[in-house]
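Chemist: Supplied in structure tokens, the structure appears directly below.
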Amino acid sequence: MHSDEEEGAFGLPRRWSPSERIQTGVALDVPLKNVLGADTTPASFVESKPITVIVFFRRFGCALCRHHAKGFSDMKSDFDAAGVQIIGVGFDKENISGFLRGGYWKFPLLVAPSRSHYKDIGFKRGSLIDILRPSTFAAYKKASKEGVSGNFTKGDGFQLGGQLIFDKTKALLASFLQKHAADNSTAADTLLVCSTLLSGGVSVREKAATKL
């Protein structure tokens, strides 16, 4: 078994183990803007559903991010049926209009004030070497074949993102932190993780107590 796929906490793949690096208060409680410009917080969504996935996008103009978003949107009915809430977050104001016009994302989308918000949460920053990986070009080729395009020059292409999963008590159940630009958990894999978390029917804190 690959090290990233080994079982970690609560029966999840080790890549999804809750990261101690993540500052959950920053991720949930710092005011952001919705696409209409109104103030809101991720916490206001998280507290309304048993389980919520927050997808933190690298760059709205990136074909990889757009393809990633489309994968989630294509499975919206599956997430809805499973009772899993999805919201997106990004800081790339320069490319957001094209992202919205393209219809890549069918869930609520919140905009962070700047890239520093990602740093404050605990997401890492990549490098030119990361972007020039063969896996990045393979991912761009796949996105292009499926009709998803983007740009290379507008916005910050080095910031990494990921996915955080919370229960309604705002406990961090799982986290997937990108290691490079093409490193994403697919929508199908994320749904599987959520199903694993939901299958016990209890919160992560209660699960933790049963393991002691």
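By convention in this document, the chains of the structure tokens carry letters A, B, ... by their order, each chain's residues are numbered from 1, and ligands are numbered from 1 in the order they are shown.
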Do a neighbour search on Ser116 in chain A at 12 Å with only C-alpha atoms, toss out local chain neighbours closer than 3 positions, and write the hits as a list in words.
Modeler: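 In the requested form, the answer reads Val26, Ala27, Gly90, Phe91, Asp92, Ala112, Pro113, Lys119, Asp120, Ile121, Gly122, Phe123, Lys124, Arg125, Asp156, Gln159 and Leu160 of chain A.
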Chemist: Determine, counting only C-alpha atoms, which protein, DNA and RNA residues have an atom within 12 Å of an atom of Asp78 in chain A; residues of the same chain fewer than 3 positions away are not included. Present the result as an MDAnalysis selection string.
Modeler: chainID A and resid 71:75 81:86 187:188 190:192 194:195
Chemist: I'd like to know which of A:Ala69, A:Ala63, A:Ile165, A:Val35 is closest to Tyr104 in chain A, using only C-alpha atoms.
Modeler: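 For Tyr104 in chain A, the nearest of the given residues is A:Ala69.
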Chemist: Give me the residues near Ile129 in chain A as a compact mmCIF listing (two decimals) with all heavy atoms, in the first residue's frame, where near means some atom within 12 Å (using only C-alpha atoms) and where sequence neighbours in that chain fewer than 4 positions away do not count.
Modeler:
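Resulting contents of part.txt:
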# COMPACT_ATOMS: atom_id res chain seq x y z
N ARG A 125 3.35 27.37 0.03
CA ARG A 125 3.56 28.03 -1.26
C ARG A 125 4.50 27.17 -2.09
O ARG A 125 5.51 26.66 -1.58
CB ARG A 125 4.14 29.42 -1.03
CG ARG A 125 4.26 30.27 -2.28
CD ARG A 125 4.53 31.72 -1.88
NE ARG A 125 4.90 32.55 -3.00
CZ ARG A 125 4.04 33.06 -3.87
NH1 ARG A 125 2.75 32.81 -3.73
NH2 ARG A 125 4.44 33.83 -4.86
N ARG A 133 6.61 20.30 -13.13
CA ARG A 133 6.56 18.84 -13.01
C ARG A 133 5.84 18.23 -14.21
O ARG A 133 4.88 18.81 -14.74
CB ARG A 133 5.79 18.44 -11.76
CG ARG A 133 6.50 18.64 -10.45
CD ARG A 133 5.54 18.44 -9.30
NE ARG A 133 6.20 18.54 -8.02
CZ ARG A 133 6.56 17.51 -7.27
NH1 ARG A 133 6.32 16.28 -7.70
NH2 ARG A 133 7.15 17.69 -6.11
N PRO A 134 6.22 17.03 -14.64
CA PRO A 134 5.49 16.34 -15.72
C PRO A 134 4.01 16.15 -15.38
O PRO A 134 3.16 16.21 -16.27
CB PRO A 134 6.22 15.00 -15.82
CG PRO A 134 7.60 15.29 -15.34
CD PRO A 134 7.45 16.30 -14.25
N SER A 135 3.70 15.93 -14.11
CA SER A 135 2.31 15.73 -13.72
C SER A 135 1.46 16.97 -13.97
O SER A 135 0.27 16.86 -14.26
CB SER A 135 2.22 15.33 -12.24
OG SER A 135 2.80 16.33 -11.40
N THR A 136 2.09 18.15 -13.89
CA THR A 136 1.35 19.38 -14.17
C THR A 136 0.96 19.45 -15.64
O THR A 136 -0.19 19.76 -15.97
CB THR A 136 2.20 20.62 -13.80
OG1 THR A 136 2.58 20.54 -12.43
CG2 THR A 136 1.42 21.90 -14.03
N GLY A 157 0.52 32.04 -9.32
CA GLY A 157 0.47 30.63 -9.63
C GLY A 157 1.20 29.73 -8.66
O GLY A 157 1.19 28.50 -8.81
N PHE A 158 1.83 30.30 -7.64
CA PHE A 158 2.65 29.50 -6.73
C PHE A 158 1.95 29.08 -5.44
O PHE A 158 2.35 28.11 -4.80
CB PHE A 158 3.93 30.26 -6.37
CG PHE A 158 4.82 30.51 -7.55
CD1 PHE A 158 5.12 31.80 -7.95
CD2 PHE A 158 5.35 29.46 -8.27
CE1 PHE A 158 5.93 32.04 -9.03
CE2 PHE A 158 6.18 29.68 -9.37
CZ PHE A 158 6.46 30.99 -9.75
N LYS A 179 0.62 19.40 -2.31
CA LYS A 179 2.08 19.40 -2.29
C LYS A 179 2.66 20.09 -3.52
O LYS A 179 3.81 20.52 -3.52
CB LYS A 179 2.59 17.96 -2.22
CG LYS A 179 2.21 17.23 -0.94
CD LYS A 179 2.72 15.81 -0.94
CE LYS A 179 2.39 15.09 0.35
NZ LYS A 179 2.87 13.67 0.35
N HIS A 180 1.86 20.17 -4.59
CA HIS A 180 2.25 20.87 -5.80
C HIS A 180 0.98 21.16 -6.60
O HIS A 180 -0.12 20.75 -6.22
CB HIS A 180 3.25 20.05 -6.63
CG HIS A 180 2.79 18.65 -6.93
ND1 HIS A 180 1.96 18.34 -7.98
CD2 HIS A 180 3.06 17.48 -6.31
CE1 HIS A 180 1.73 17.05 -8.00
NE2 HIS A 180 2.38 16.49 -7.00
N ALA A 181 1.11 21.86 -7.71
CA ALA A 181 -0.04 22.39 -8.44
C ALA A 181 -1.00 21.31 -8.93
O ALA A 181 -2.21 21.51 -8.97
CB ALA A 181 0.44 23.24 -9.62
Chemist: Between CA of Ala174 in chain A and CA of Ile22 in chain A, measure the distance and give it in Å to one decimal.
Modeler: 10.5 Å
Chemist: Report the distance between CA of Gln163 in chain A and CA of Ser185 in chain A in Å, rounded to one decimal place.
Modeler: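 For CA of Gln163 in chain A relative to CA of Ser185 in chain A, the distance reads 8.1 Å.
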Chemist: With distances taken over only C-alpha atoms, which residue among A:Lys76, A:His68, A:Arg101, A:Arg59 lies nearest Arg115 in chain A?
Modeler: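 Looking only at the distances to Arg115 in chain A, the closest residue turns out to be A:Arg59.
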Chemist: Could you state the separation of CA of Pro42 in chain A and CA of Gly150 in chain A in Å, given to one decimal place?
Modeler: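 Atom-to-atom, CA of Pro42 in chain A and CA of Gly150 in chain A are spaced 26.7 Å apart.
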